[in-house]
Every structure is written in structure tokens, then in C-alpha cells.
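Student: Supplied structure: data_37.cif, mmCIF, C-alpha atoms and all ligand atoms.
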```cif
data_query
#
loop_
_atom_site.label_atom_id
_atom_site.label_comp_id
_atom_site.auth_asym_id
_atom_site.auth_seq_id
_atom_site.Cartn_x
_atom_site.Cartn_y
_atom_site.Cartn_z
CA MET A 1 0.00 0.00 0.00
CA GLU A 2 1.36 3.38 -1.02
CA ARG A 3 2.20 5.77 1.83
CA HIS A 4 2.15 9.57 1.73
CA ARG A 5 3.63 12.28 3.91
CA ILE A 6 0.92 14.85 4.49
CA THR A 7 0.23 17.89 6.62
CA LEU A 8 -3.18 18.35 8.15
CA LYS A 9 -4.29 21.58 9.80
CA ILE A 10 -6.51 20.56 12.68
CA ASN A 11 -7.95 23.00 15.21
CA GLY A 12 -5.41 25.61 14.13
CA GLU A 13 -2.33 23.38 14.47
CA SER A 14 -0.39 21.69 11.68
CA HIS A 15 0.38 17.98 12.04
CA LEU A 16 2.67 15.93 9.87
CA PHE A 17 1.64 12.32 9.21
CA GLU A 18 2.61 9.40 7.08
CA VAL A 19 -0.62 7.79 5.93
CA GLU A 20 -1.78 5.09 3.60
CA SER A 21 -3.84 6.13 0.58
CA ARG A 22 -6.94 4.48 2.03
CA GLU A 23 -6.84 6.08 5.51
CA THR A 24 -9.79 8.29 6.25
CA LEU A 25 -9.71 11.59 8.06
CA LEU A 26 -11.78 9.97 10.82
CA GLN A 27 -9.15 7.26 11.35
CA VAL A 28 -6.37 9.83 11.54
CA LEU A 29 -8.28 12.01 14.00
CA ARG A 30 -9.24 9.17 16.31
CA ASP A 31 -6.31 6.76 16.00
CA ARG A 32 -3.35 9.10 15.53
CA LEU A 33 -4.36 12.24 17.44
CA ASP A 34 -6.71 10.75 20.03
CA LEU A 35 -9.35 13.28 18.98
CA THR A 36 -12.24 10.97 19.72
CA GLY A 37 -15.04 13.55 19.63
CA ALA A 38 -15.86 12.60 16.04
CA LYS A 39 -17.52 9.19 16.34
CA GLU A 40 -17.70 6.25 13.99
CA GLY A 41 -21.35 5.28 13.74
CA CYS A 42 -22.16 3.81 10.35
CA GLY A 43 -18.79 4.38 8.64
CA ARG A 44 -20.54 5.05 5.33
CA GLY A 45 -21.92 8.58 5.32
CA GLU A 46 -25.37 7.94 6.74
CA CYS A 47 -25.42 8.96 10.42
CA GLY A 48 -23.41 12.19 10.74
CA ALA A 49 -21.71 11.09 13.98
CA CYS A 50 -18.30 11.74 12.41
CA THR A 51 -19.05 15.29 11.23
CA VAL A 52 -16.22 17.83 11.30
CA LEU A 53 -15.96 21.23 9.64
CA ILE A 54 -13.62 21.57 6.68
CA ASN A 55 -13.21 25.19 5.65
CA GLY A 56 -16.42 25.85 7.58
CA ARG A 57 -18.47 23.15 5.83
CA PRO A 58 -19.82 20.12 7.68
CA ILE A 59 -18.28 16.96 6.19
CA ASN A 60 -18.53 13.30 7.13
CA ALA A 61 -14.97 12.47 8.15
CA CYS A 62 -15.59 8.75 7.53
CA LEU A 63 -15.96 9.45 3.79
CA VAL A 64 -12.96 11.73 3.33
CA LEU A 65 -9.47 10.41 2.66
CA ALA A 66 -6.83 12.10 4.77
CA VAL A 67 -4.67 12.70 1.68
CA ALA A 68 -7.51 14.73 0.14
CA VAL A 69 -7.73 17.39 2.84
CA GLN A 70 -4.15 18.52 3.20
CA ASP A 71 -3.66 22.13 4.29
CA GLN A 72 -7.39 22.74 4.67
CA ASP A 73 -8.89 24.13 7.86
CA ILE A 74 -10.28 21.21 9.84
CA LEU A 75 -12.28 21.89 12.98
CA THR A 76 -13.27 19.12 15.37
CA ILE A 77 -15.39 19.41 18.49
CA GLU A 78 -12.19 19.53 20.56
CA GLY A 79 -11.28 22.83 18.89
CA LEU A 80 -14.63 24.52 19.33
CA SER A 81 -14.48 25.78 22.89
CA ASP A 82 -12.20 28.63 23.92
CA GLY A 83 -10.20 26.92 26.66
CA ASP A 84 -12.68 26.27 29.47
CA THR A 85 -15.28 28.54 27.88
CA LEU A 86 -17.82 26.56 25.95
CA HIS A 87 -19.01 27.68 22.53
CA PRO A 88 -22.59 29.09 22.70
CA LEU A 89 -23.92 25.98 20.92
CA GLN A 90 -22.28 23.73 23.50
CA LYS A 91 -23.78 25.83 26.30
CA SER A 92 -27.24 25.71 24.75
CA PHE A 93 -27.08 21.93 24.29
CA VAL A 94 -26.23 21.54 27.98
CA GLU A 95 -28.83 24.06 29.17
CA ARG A 96 -31.60 22.57 27.02
CA GLY A 97 -30.77 18.98 27.93
CA ALA A 98 -30.16 18.21 24.26
CA ILE A 99 -27.61 15.52 25.15
CA GLN A 100 -28.37 12.03 26.38
CA CYS A 101 -25.81 9.37 25.45
CA GLY A 102 -23.79 12.05 23.64
CA PHE A 103 -22.78 9.88 20.69
CA CYS A 104 -24.36 12.18 18.11
CA THR A 105 -23.62 15.44 19.93
CA PRO A 106 -20.24 16.49 18.44
CA GLY A 107 -21.57 15.94 14.93
CA MET A 108 -24.84 17.71 15.71
CA ILE A 109 -23.05 20.74 17.13
CA LEU A 110 -20.60 21.05 14.25
CA THR A 111 -23.36 20.62 11.68
CA ALA A 112 -25.30 23.35 13.49
CA LYS A 113 -22.27 25.64 13.60
CA GLY A 114 -21.64 25.30 9.88
CA PHE A 115 -25.31 26.04 9.28
CA LEU A 116 -25.71 29.02 11.65
CA ASP A 117 -22.52 30.64 10.35
CA LYS A 118 -24.16 30.79 6.92
CA THR A 119 -27.81 31.12 7.94
CA PRO A 120 -28.33 33.54 10.81
CA GLY A 121 -31.86 33.59 12.23
CA PRO A 122 -33.16 30.37 10.67
CA THR A 123 -36.72 29.11 11.07
CA GLU A 124 -37.41 25.91 12.98
CA ALA A 125 -38.15 24.17 9.68
CA GLU A 126 -34.77 25.23 8.29
CA VAL A 127 -33.00 23.96 11.41
CA ARG A 128 -34.78 20.61 11.13
CA ARG A 129 -34.02 20.32 7.42
CA ASN A 130 -30.35 21.01 8.07
CA LEU A 131 -30.16 18.09 10.51
CA VAL A 132 -31.37 15.44 8.06
CA GLY A 133 -27.89 13.90 7.84
CA ASN A 134 -27.41 13.67 11.61
CA PHE A 135 -29.15 10.85 13.45
CA CYS A 136 -29.96 10.83 17.15
CA ARG A 137 -31.35 7.70 18.75
CA CYS A 138 -32.04 9.24 22.15
CA THR A 139 -33.48 12.73 22.26
CA GLY A 140 -36.28 12.84 19.70
CA TYR A 141 -34.57 15.93 18.21
CA THR A 142 -36.88 18.51 19.84
CA LYS A 143 -34.36 19.68 22.43
CA ILE A 144 -31.57 19.72 19.86
CA VAL A 145 -33.64 21.97 17.60
CA GLU A 146 -34.50 24.21 20.57
CA ALA A 147 -30.83 24.48 21.53
CA ILE A 148 -29.88 25.54 18.01
CA LEU A 149 -32.70 28.09 17.87
CA ASP A 150 -31.68 29.46 21.29
CA THR A 151 -28.12 29.94 20.06
CA SER A 152 -29.29 31.66 16.94
CA GLU A 153 -31.52 34.05 18.90
CA ALA A 154 -28.74 34.84 21.37
S1 LIG B 1 -19.78 7.43 10.75
FE1 LIG B 1 -19.61 8.89 9.18
S2 LIG B 1 -21.63 9.29 8.58
FE2 LIG B 1 -21.83 7.67 10.03
S1 LIG B 2 -27.91 11.76 22.41
FE1 LIG B 2 -27.72 9.63 22.04
S2 LIG B 2 -27.66 9.45 19.89
FE2 LIG B 2 -28.12 11.53 20.24
#
```
Kindly present the structure from the file in C-alpha cells form.
Ligand code: FES
Ligand code: FES

Tutor:
Amino acid sequence: MERHRITLKINGESHLFEVESRETLLQVLRDRLDLTGAKEGCGRGECGACTVLINGRPINACLVLAVAVQDQDILTIEGLSDGDTLHPLQKSFVERGAIQCGFCTPGMILTAKGFLDKTPGPTEAEVRRNLVGNFCRCTGYTKIVEAILDTSEA
């Protein structure tokens, strides 16, 4: 298997790796950097648990090859807070009780961030539509939608 030396910019820091052609961004994040916020649910682009932001766009990290995202801005949930200060979306999820098992939460929050950055003041229907690629088995979505709307209003 061919190996490549690549640089990935993750949460504002550059990291040099040697990777195989077939390694996904999700594998590199979780197995090489111990950034385990992005979860592997389905592993085939259906659940959104692995969502990260690449250049501000929500992307399923299980579908992206690490070699394909060199030198792009990658944001994971670990890079979202400002030290001990939670991002407003993180605060709203906690305050609204929009987290149960937490498996979907990093992907939900990053999907919501990518959306709110481009769509300030969305309607509830727009928020719901934007979450179609992120599955939650616990919450029934209502509190997640409320948390995103709260953040937008704030
Ligand atoms: S693990 Fe990537 S979309 Fe499900
Ligand atoms: S909180 Fe458990 S899957 Fe969403």
C-alpha cells in the first residue's frame, strides 16, 4: 500500500503524518491524534456522527481520505471551545438537555455551527431540514432543535 507524507491543519495546528492512501480523516483524528469527539457510527456517510468542519463546511470524516484534505482548515469538536469557555452551541445543548448518550452530539453541534454561520436567524423548519444527515437515537430531536434556535436568537 502506497504511503504519503501529508500535513493536516486541525484545530489551528499543523500535524505531519505518514498515511496510507486508504486512511480516512476519521481514522487519523481518532487513532493518531486521540481526537475521539468525532464518532464512527455507520462508517458510510449515513449517520453524521463523524461530522467535522472543513473550511467551515460540515463533512462526514468517515468518507474523506486524509490525503484529500491537506492544508485545509479542519475543525473538530475539541477545537470549538475557547479553553474552558464553551461555545454558545455547546452551552445551549447543555442548558436545554439536548444531550443524552452524547454519541451524536459532536456531529450535531458542528453541523449546526456550519449552518448558523451561513444562515443567521433560521426558522425551525430550516434547522430541522439542516439536521437530516445527523441521526440521534435518544433525544427525539426537539431539544436539539430548541438548543440551536436558542443559540441563533442569542
Ligand atoms: S460514521 Fe460517518 S456518517 Fe456515520
Ligand atoms: S444523544 Fe444519544 S444518539 Fe443523540

Student: What does the structure give for the distance between atom S1 of ligand LIG 1 (chain B) and atom CA of A:Glu23, in Å to one decimal?

Tutor: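 Separating atom S1 of ligand LIG 1 (chain B) from atom CA of A:Glu23 is a distance of 14.0 Å.
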
Student: Just want the 12 Å neighbourhood of A:Asp73, counted on all atoms listed in the file, with same-chain residues fewer than 5 positions away dropped. Output as a PDB file with C-alpha atoms, in the coordinates of the input.

Tutor:
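Saved as selection.pdb:
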```
ATOM      1  CA  THR A   7       0.230  17.890   6.620  1.00  0.00           C
ATOM      2  CA  LEU A   8      -3.180  18.350   8.150  1.00  0.00           C
ATOM      3  CA  LYS A   9      -4.290  21.580   9.800  1.00  0.00           C
ATOM      4  CA  ILE A  10      -6.510  20.560  12.680  1.00  0.00           C
ATOM      5  CA  ASN A  11      -7.950  23.000  15.210  1.00  0.00           C
ATOM      6  CA  GLY A  12      -5.410  25.610  14.130  1.00  0.00           C
ATOM      7  CA  GLU A  13      -2.330  23.380  14.470  1.00  0.00           C
ATOM      8  CA  SER A  14      -0.390  21.690  11.680  1.00  0.00           C
ATOM      9  CA  HIS A  15       0.380  17.980  12.040  1.00  0.00           C
ATOM     10  CA  VAL A  52     -16.220  17.830  11.300  1.00  0.00           C
ATOM     11  CA  LEU A  53     -15.960  21.230   9.640  1.00  0.00           C
ATOM     12  CA  ILE A  54     -13.620  21.570   6.680  1.00  0.00           C
ATOM     13  CA  ASN A  55     -13.210  25.190   5.650  1.00  0.00           C
ATOM     14  CA  GLY A  56     -16.420  25.850   7.580  1.00  0.00           C
ATOM     15  CA  ARG A  57     -18.470  23.150   5.830  1.00  0.00           C
ATOM     16  CA  PRO A  58     -19.820  20.120   7.680  1.00  0.00           C
ATOM     17  CA  ILE A  59     -18.280  16.960   6.190  1.00  0.00           C
ATOM     18  CA  GLY A  79     -11.280  22.830  18.890  1.00  0.00           C
TER      19      GLY A  79
END
```

Student: Would you please work out which residue, of A:Ser21, A:Gly107, A:Leu16, A:Glu95, is nearest to A:Ala38 when using all atoms listed in the file?

Tutor: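 Closest to A:Ala38, using all atoms listed in the file: A:Gly107.
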
Student: Any chance you could tabulate, as a Markdown table, the residues of chain A at most 7 Å from ligand LIG 1 (chain B) with each one's nearest atom pair and distance in Å to one decimal, using all atoms listed in the file, in chain and rising number order?

Tutor:
```
| residue | atom | partner | partner_atom | distance |
| --- | --- | --- | --- | --- |
| A:Lys39 | CA | B:LIG1 | S1 | 6.3 |
| A:Glu40 | CA | B:LIG1 | S1 | 4.0 |
| A:Gly41 | CA | B:LIG1 | S1 | 4.0 |
| A:Cys42 | CA | B:LIG1 | FE2 | 3.9 |
| A:Gly43 | CA | B:LIG1 | S1 | 3.8 |
| A:Arg44 | CA | B:LIG1 | S2 | 5.5 |
| A:Gly45 | CA | B:LIG1 | S2 | 3.3 |
| A:Glu46 | CA | B:LIG1 | S2 | 4.4 |
| A:Cys47 | CA | B:LIG1 | FE2 | 3.8 |
| A:Gly48 | CA | B:LIG1 | S2 | 4.0 |
| A:Ala49 | CA | B:LIG1 | FE2 | 5.2 |
| A:Cys50 | CA | B:LIG1 | FE1 | 4.5 |
| A:Thr51 | CA | B:LIG1 | FE1 | 6.7 |
| A:Asn60 | CA | B:LIG1 | FE1 | 5.0 |
| A:Ala61 | CA | B:LIG1 | FE1 | 6.0 |
| A:Cys62 | CA | B:LIG1 | FE1 | 4.3 |
| A:Leu63 | CA | B:LIG1 | FE1 | 6.5 |
```

Student: Write out, as a PDB file, in the frame of the given file, the residues just selected, with C-alpha atoms.

Tutor:
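The result, written out as again-v3.pdb:
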```pdb
ATOM      1  CA  LYS A  39     -17.520   9.190  16.340  1.00  0.00           C
ATOM      2  CA  GLU A  40     -17.700   6.250  13.990  1.00  0.00           C
ATOM      3  CA  GLY A  41     -21.350   5.280  13.740  1.00  0.00           C
ATOM      4  CA  CYS A  42     -22.160   3.810  10.350  1.00  0.00           C
ATOM      5  CA  GLY A  43     -18.790   4.380   8.640  1.00  0.00           C
ATOM      6  CA  ARG A  44     -20.540   5.050   5.330  1.00  0.00           C
ATOM      7  CA  GLY A  45     -21.920   8.580   5.320  1.00  0.00           C
ATOM      8  CA  GLU A  46     -25.370   7.940   6.740  1.00  0.00           C
ATOM      9  CA  CYS A  47     -25.420   8.960  10.420  1.00  0.00           C
ATOM     10  CA  GLY A  48     -23.410  12.190  10.740  1.00  0.00           C
ATOM     11  CA  ALA A  49     -21.710  11.090  13.980  1.00  0.00           C
ATOM     12  CA  CYS A  50     -18.300  11.740  12.410  1.00  0.00           C
ATOM     13  CA  THR A  51     -19.050  15.290  11.230  1.00  0.00           C
ATOM     14  CA  ASN A  60     -18.530  13.300   7.130  1.00  0.00           C
ATOM     15  CA  ALA A  61     -14.970  12.470   8.150  1.00  0.00           C
ATOM     16  CA  CYS A  62     -15.590   8.750   7.530  1.00  0.00           C
ATOM     17  CA  LEU A  63     -15.960   9.450   3.790  1.00  0.00           C
TER      18      LEU A  63
END
```

Student: Please identify all protein, DNA and RNA residues within 8 Å of ligand LIG 2 (chain B), counting all atoms listed in the file, and report them as a ChimeraX atom specification.

Tutor: /A:98-105,135-139

Student: What would the file look like if the residues just selected were written as a PDB file, in the coordinates of the input with C-alpha atoms?

Tutor:
```pdb
ATOM      1  CA  ALA A  98     -30.160  18.210  24.260  1.00  0.00           C
ATOM      2  CA  ILE A  99     -27.610  15.520  25.150  1.00  0.00           C
ATOM      3  CA  GLN A 100     -28.370  12.030  26.380  1.00  0.00           C
ATOM      4  CA  CYS A 101     -25.810   9.370  25.450  1.00  0.00           C
ATOM      5  CA  GLY A 102     -23.790  12.050  23.640  1.00  0.00           C
ATOM      6  CA  PHE A 103     -22.780   9.880  20.690  1.00  0.00           C
ATOM      7  CA  CYS A 104     -24.360  12.180  18.110  1.00  0.00           C
ATOM      8  CA  THR A 105     -23.620  15.440  19.930  1.00  0.00           C
ATOM      9  CA  PHE A 135     -29.150  10.850  13.450  1.00  0.00           C
ATOM     10  CA  CYS A 136     -29.960  10.830  17.150  1.00  0.00           C
ATOM     11  CA  ARG A 137     -31.350   7.700  18.750  1.00  0.00           C
ATOM     12  CA  CYS A 138     -32.040   9.240  22.150  1.00  0.00           C
ATOM     13  CA  THR A 139     -33.480  12.730  22.260  1.00  0.00           C
TER      14      THR A 139
END
```

Student: Nearest to A:Leu131: which of A:Gln90, A:Ala112, A:Lys118, A:Ile74 is it, counting only C-alpha atoms?

Tutor: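 Smallest distance to A:Leu131 is found for A:Ala112.
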
Student: Quick one, how far is atom CA of A:Asp71 from atom CA of A:Pro88?

Tutor: 27.3 Å

Student: Which residue, A:Thr76, A:Thr36, A:Thr151, A:Thr119, has the smallest gap to A:Val94 when you use only C-alpha atoms?

Tutor: A:Thr151

Student: So how far away is atom CA of A:Arg30 from atom CA of A:Gly140, in Å?

Tutor: 27.5 Å

Student: Have a look at A:Pro122, A:Thr142, A:Phe115, A:Gln27 and name the one nearest to A:Val67; count only C-alpha atoms.

Tutor: A:Gln27

Student: Would you mind telling me which residue in A:Val19, A:Val132, A:Ile77, A:Ala147 lies nearest to A:Asp31 when using all atoms listed in the file?

Tutor: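 For A:Asp31, the nearest of the given residues is A:Val19.
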
Student: Applying 8 Å and all atoms listed in the file, which residues near stretch 143-145 of chain A remain after dropping the ones on its own chain fewer than 4 positions away? List them as a short mmCIF file (atom, residue, chain, number, x, y, z; two decimals) with C-alpha atoms, keeping the file's coordinate frame.

Tutor:
```cif
data_model
loop_
_atom_site.label_atom_id
_atom_site.label_comp_id
_atom_site.auth_asym_id
_atom_site.auth_seq_id
_atom_site.Cartn_x
_atom_site.Cartn_y
_atom_site.Cartn_z
CA PHE A 93 -27.08 21.93 24.29
CA ARG A 96 -31.60 22.57 27.02
CA GLY A 97 -30.77 18.98 27.93
CA ALA A 98 -30.16 18.21 24.26
CA ILE A 99 -27.61 15.52 25.15
CA GLU A 124 -37.41 25.91 12.98
CA VAL A 127 -33.00 23.96 11.41
CA ARG A 128 -34.78 20.61 11.13
CA THR A 139 -33.48 12.73 22.26
CA LEU A 149 -32.70 28.09 17.87
#
```

Student: My list of candidates is A:Leu33, A:Leu25, A:His87, A:Asp82. Which is closest to A:Val64 when distances are computed with all atoms listed in the file?

Tutor: A:Leu25
